[in-house]
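Trainee: For reference, the structure I am asking about is given below.
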There are 2 protein chains.
Amino acid sequence: MPNDHKMADKNFKKPDTNRVTMADVGRLAGVTQVTVSRALSHPDKVSKKTLHSIQDAIAATGFVPNAVAGALASKRSKLVSALIPSLTNVVYTSFMATFSEHLRQNGYQVLMSETGFDPANEDALIATHLSRRPDAMLLTGVRHSDKARKQLQGAGIPVVEIWDITDIPIDICVGFNHSAAGRAVAEYLNAKGHSFAATITADDERALRRQSAFAERFSTFSRTTVPDANTGGIASIGAGREAMAHLIDQYGFQSGAVFCSSDLSAHGAIIELRTRGLKVPQDVAVVGFGDQDFARDIDPALTTVAVDRLQLGHLAASSLLDRLTGQPTKSIHDLGFEILTRASA
Amino acid sequence: MPNDHKMADKNFKKPDTNRVTMADVGRLAGVTQVTVSRALSHPDKVSKKTLHSIQDAIAATGFVPNAVAGALASKRSKLVSALIPSLTNVVYTSFMATFSEHLRQNGYQVLMSETGFDPANEDALIATHLSRRPDAMLLTGVRHSDKARKQLQGAGIPVVEIWDITDIPIDICVGFNHSAAGRAVAEYLNAKGHSFAATITADDERALRRQSAFAERFSTFSRTTVPDANTGGIASIGAGREAMAHLIDQYGFQSGAVFCSSDLSAHGAIIELRTRGLKVPQDVAVVGFGDQDFARDIDPALTTVAVDRLQLGHLAASSLLDRLTGQPTKSIHDLGFEILTRASA
DNA sequence: CTGCGCAATGTATGCGCATACATTTTCGAT
DNA sequence: ATCGAAAATGTATGCGCATACATTGCGCAG
C-alpha cells in the first residue's frame with residue numbers, strides 16, 4: 001500500500017479512468033453483462049453458483065455500478081431533488097434529515113439545493129434539477145411561479161410541497177395553515193390577559209402570513225395596533241435581539257407580549273429583555289415558533305408553536321414513495337400545530 | 001410471482017413521459033441533434049441565425065437537457081458529492097452553503113449526504129455516491145477506512161478532506177490542527193489565571209482530539225486532572241446544560257474554566273450555570289468552539305475558538321476546481337484558528 | 001423416454017447525448 | 001471570378017446499463 005496520493009497535475013476523468021464495467025465483471029465470472037446486471041437487481045433470478053462467482057468477481061475488481069448509465073437505460077434515476085430555502089436553518093435541515101433517511105432506506109438519494117428564499121433562484125434551480133431527471137421533487141412552500149409549475153408539470157414526476165397547505169397543490173402538499181397558527185397565538189395571548197402585543201418577523205413569506213393573521217386577530221381583542229419589527233433576511237438570535245431593542249426603543253414596548261416568527265429570534269428577544277432588566281414573562285411574554293430543540297432548554301423555557309416535523313418528513317417521503325409505486329395517496333395533508341405552553345408566555 | 005410489471009394508471013416515468021430530446025428540438029429548428037448540442041455548450045460555434053431558431057424551438061417545446069445522458073456520453077457528471085457528519089449542525093451546513101455556491105457558479109451541483117459520525121455509514125455512502133460518477137468528492141475529517149481510501153483511489157477523482165489536516169491526505173485537505181487548538185485554549189485559560197478546568201465534549205473524533213490535547217496541556221500547568229463530561233451524540237444546548245449539571249453535581253465544579261467542544265454546548269453550560277446562580281465568568285469561565293453566529297449575541301458573549309469557515313468553503317471548492325481544470329494545487333491547507341476573547345472567559 | 005414448463009442465461013437494442021471526424025457552406029483575398 | 005481556409009453543419013459511434021425477447025438446460029409427469 002504505497003502512499004502515492006500524488007495524482008500529478010494531470011486532468012481527471014477524461015481519457016482513461018480504467019473503470020470496471022459489468023461486462024468486465026461478467027468476463028471474469030464467465031457470464032455476460034446481463035447476468036451481472038441481474039445478479040445485482042434480481043439476485044433470485046440467478047443461480048446460487050453464478051451469483052457467487054459474480055460476487056467474487058465484483059470484490060476482485062472493485063466494481064462500482066454506474067448509476068448514470070443505469071438511469072439512462074431504465075429511465076429511473078433513483079434521485080429525488082429537494083429545494084429548501086436555507087441550508088443553515090435547522091427547521092429545514094432537520095426535516096431534510098428525516099426525509100432523506102426515509103428515502104434512502106428505499107433506495108433513493110436526495111439532491112438538495114438552497115433557494116435562499118428567492119423565487120427567481122428557485123425557477124433556475126428547478127430547471128437544473130430536472131435536467132438530472134429526478135424521480136420526484138420536493139419544494140418548500142406553495143407559492144411558485146407559473147414557469148415553475150409548468151416545468152414541473154412537464155416533467156411528469158411526483159412533486160411534494162411542504163410547510164404549507166393549499167387547495168391547489170402541484171401534486172401533493174404536506175403542511176399546515178400558517179394564518180390559523182397566527183390567529184391561534186393571538187387567541188392564546190388574549191386569553192392570558194395581554195392587551196398589548198408586538199411581533200418580530202423574518203422576511204419569509206410564511207412568517208409574514210402568520211404575522212399578519214396574528215395582528216389582525218389580536219387587534220380585534222385590543223384596540224391597539226400591533227407593531228412589527230422585521231428582522232430582515234433570516235432569523236437568528238442576533239436579529240431577535242436587535243428587533244426587540246427596536247421595539248423597546250422605538251415603540252416604548254416595556255410590557256405585553258411578543259410573537260416571534262422563529263424560536264431563534266424569540267431567544268434573542270429574551271436575551272435582550274433580560275439584559276435590559278425586563279422580566280420574562282412578568283413584564284414581557286415571548287412566544288416563539290418552531291419548537292426547536294433548545295426551546296425547552298433556555299431560561300425561561302420558551303412557549304412556542306410546534307409542528308410535528310418528524311411526521312412532516314415521514315409524510316413527505318412516504319407520499320412520494322406511494323406515488324412512485326403507483327399507490328393511491330391523499331394529496332393534501334394538514335398536519336396542524338400545537339401551542340406548547342412553557343415559562344416564557 | 002411472475003409478470004408484475006403492470007403499474008397502476010397514475011404511475012410515473014415508465015412508458016410515457018413524452019420527454020423532448022435534442023433531436024426533437026433540432027427537427028423543429030431544421031437542424032440535427034448535434035447542432036442543438038453545440039448551440040447549448042458552444043454557442044459561438046453556431047451561426048446567429050440557427051442559434052436563434054434553436055432557442056425558439058427550445059422555448060416552444062420546453063426542452064430540458066438530459067444531464068444523465070450527457071454525463072454518460074461525456075464522462076463528466078458535473079456533480080460533486082459531499083459527505084458531512086450532520087445536516088442539522090450549522091457548523092457543517094454553513095460550510096456547505098459556501099462550498100455549494102462556489103461550485104454552482106462553476107456549473108457543478110452538490111450531492112450531499114450525512115454520515116451521522118458513523119464510519120461504517122460513511123463507507124456505504126461513498127460507494128453509493130461513487131455510483132453516480134461524481135467529478136469530485138468532499139469528505140469530512142481525515143480518518144477514513146482503508147476500504148474508503150481504496151474506493152476513492154480507484155475512482156480517480158479529486159477528493160478534498162475538510163475540517164482537519166494530515167500529512168497524508170487522500171488527495172487534498174483543508175482544515176486546521178485540532179490538537180493545537182486544544183492546547184491553545186489550555187494556554188489561554190492558564191494565562192487568565194485559572195487553575196481548575198473541565199471539559200464538555202461531544203462524541204466527535206475531532207472534538208475528542210481537542211479535548212485530550214487540552215487536558216494534557218492544562219494538567220502540565222495545574223497538577224489537577226481535567227474532568228470531562230461527554231454529551232454523547234451531538235452537541236446541543238440541552239446536552240450542554242446536562243453536562244454542566246453533571247460536572248457540578250458529580251465533581252463539585254463551582255469555579256474554574258470549562259472548555260466546550262461546541263458553542264452550542266457552551267451556551268447550554270452558561271444557561272445551567274446562571275440558573276444555579278453561578279456567575280460567568282467570575283465563578284466559572286466558559287470557552288466554546290466554532291464561533292457560531294450567536295456566540296457574540298448571548299449573555300455573556302461567548303469566548304470561543306474561531307476558524308475561518310468562509311475561507312474553508314472557498315478553499316475546498318477552489319482546490320477541487322483547480323484539480324478539475326488541471327491546475328496545480330497545494331494539497332495541504334492549514335487554515336489555523338483564533339481564540340476570540342469575549343466576556344465569558 | 002418423450003415432451004412440456006420453468007429456471008437460467010444469452011442476444012439484441014436503445015436510452016439521449018458528446019465527440020471525433022467528414023462534409024458542405026461562406027467569404028475574403030487574389 | 002477563383003481558390004482555399006475557416007466557419008457551419010452533418011454523420012457515425014458508443015458511453016454502460018436495463019429490458020424485451022430468444023435460447024438453452026433441466027426436472028418431472030405421462
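All residue names refer to the C-alpha cells as shown: chains lettered A, B, ... in order, residues numbered from 1 in each chain, ligands numbered from 1 in order.
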Considering only C-alpha atoms (C1' of nucleotides), tabulate each residue of chain D that lies at most 12 Å from chain A along with its nearest interatomic pair and the corresponding distance in Å to one decimal; arrange the rows by chain and ascending residue number and present them as a tab-separated table.
Mentor:
```
residue	atom	partner	partner_atom	distance
D:DC15	C1'	A:Ala69	CA	7.8
D:DG16	C1'	A:Ala69	CA	5.0
D:DC17	C1'	A:Gly70	CA	4.8
D:DA18	C1'	A:Ala73	CA	5.4
D:DT19	C1'	A:Ser74	CA	8.0
```
Trainee: Distance limit 9 Å, atoms considered: only C-alpha atoms (C1' of nucleotides). Which chain C residues sit that close to chain A? Return them as number ranges by chain.
Mentor: C: 7-10, 14-16
Trainee: When you look at Val258 of chain B with a cut-off of 12 Å (counting only C-alpha atoms (C1' of nucleotides)), what residues show up, excluding the ones that are within fewer than 4 positions of it in the same chain? I need them as a PyMOL selection string.
Mentor: chain B and resi 185-186+189-190+194-201+211+214-215+218+226-229+240+243-244+247-248+253-254+262-263+265-270+273+280-281+283-289+302-304+344-345
Trainee: Need the shell around Ile54 of chain A: protein/DNA/RNA residues with any atom at most 9 Å away, counting only C-alpha atoms (C1' of nucleotides). Skip same-chain ones fewer than 6 positions apart. Format as a count of residues only?
Mentor: 9
Trainee: Closest to chain B among A:Gly238, A:Pro169, A:Pro328, A:Pro134, using only C-alpha atoms?
Mentor: A:Gly238
Trainee: Taking only segment 146-218 of chain B into account, list the residues labelled strand (DSSP E or B) by DSSP (computed from the backbone), as a ChimeraX atom specification.
Mentor: /B:159-162,172-175,197-201
Trainee: Could you write out that same residue set with C-alpha atoms as a compact mmCIF listing (two decimals), in the first residue's frame?
Mentor:
```txt
# COMPACT_ATOMS: atom_id res chain seq x y z
CA VAL B 159 -11.01 14.39 -3.19
CA VAL B 160 -10.90 17.05 -0.55
CA GLU B 161 -10.99 16.35 3.16
CA ILE B 162 -12.04 19.20 5.37
CA ILE B 172 -6.25 17.43 -0.69
CA CYS B 173 -7.05 18.52 2.82
CA VAL B 174 -8.20 21.86 4.14
CA GLY B 175 -8.50 22.40 7.85
CA ALA B 197 -10.62 23.22 34.33
CA ALA B 198 -13.14 20.78 32.98
CA THR B 199 -14.32 19.89 29.52
CA ILE B 200 -17.64 19.21 27.88
CA THR B 201 -17.20 17.14 24.78
```
Trainee: I need the helix (DSSP H, G or I) residues of segment 47-76 of chain B per DSSP on the backbone, written as a PyMOL selection string.
Mentor: chain B and resi 48-61+67-74
Trainee: Please, could you write that set of residues out with C-alpha atoms as a PDB file, in the first residue's frame?
Mentor:
```pdb
ATOM      1  CA  LYS B  48     -26.522  33.532 -35.124  1.00  0.00           C
ATOM      2  CA  LYS B  49     -29.426  32.526 -37.242  1.00  0.00           C
ATOM      3  CA  THR B  50     -29.644  28.868 -36.313  1.00  0.00           C
ATOM      4  CA  LEU B  51     -28.838  29.707 -32.718  1.00  0.00           C
ATOM      5  CA  HIS B  52     -31.932  31.803 -32.708  1.00  0.00           C
ATOM      6  CA  SER B  53     -34.210  29.256 -34.256  1.00  0.00           C
ATOM      7  CA  ILE B  54     -32.896  26.638 -31.865  1.00  0.00           C
ATOM      8  CA  GLN B  55     -33.612  28.872 -28.906  1.00  0.00           C
ATOM      9  CA  ASP B  56     -37.097  29.397 -30.224  1.00  0.00           C
ATOM     10  CA  ALA B  57     -37.582  25.689 -30.615  1.00  0.00           C
ATOM     11  CA  ILE B  58     -36.355  25.115 -27.072  1.00  0.00           C
ATOM     12  CA  ALA B  59     -38.806  27.658 -25.740  1.00  0.00           C
ATOM     13  CA  ALA B  60     -41.617  26.221 -27.800  1.00  0.00           C
ATOM     14  CA  THR B  61     -41.031  22.656 -26.689  1.00  0.00           C
ATOM     15  CA  ALA B  67     -27.890  15.641 -17.925  1.00  0.00           C
ATOM     16  CA  VAL B  68     -27.917  11.911 -17.325  1.00  0.00           C
ATOM     17  CA  ALA B  69     -27.338  11.160 -20.971  1.00  0.00           C
ATOM     18  CA  GLY B  70     -24.853  13.980 -21.154  1.00  0.00           C
ATOM     19  CA  ALA B  71     -22.885  12.613 -18.275  1.00  0.00           C
ATOM     20  CA  LEU B  72     -22.807   9.136 -19.710  1.00  0.00           C
ATOM     21  CA  ALA B  73     -21.574  10.361 -23.050  1.00  0.00           C
ATOM     22  CA  SER B  74     -19.045  12.841 -21.797  1.00  0.00           C
TER      23      SER B  74
END
```
Trainee: Excluding same-chain residues fewer than 5 positions from Arg309 of chain A, what lies within 12 Å of it counting only C-alpha atoms (C1' of nucleotides), as a ChimeraX atom specification?
Mentor: /A:90-99,162-163,174-176,290-293,314-316,335-338
Trainee: Of the candidates B:Thr166, B:Gln327, B:Gln282, B:Thr115, which one gets nearest to chain A if we count only C-alpha atoms?
Mentor: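 Closest residue, counting only C-alpha atoms: B:Gln327.
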Trainee: How many Å separate atom C1' of DA20 of chain C from atom CA of Leu324 of chain B?
Mentor: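 Computing it gives 22.5 Å between the two atoms.
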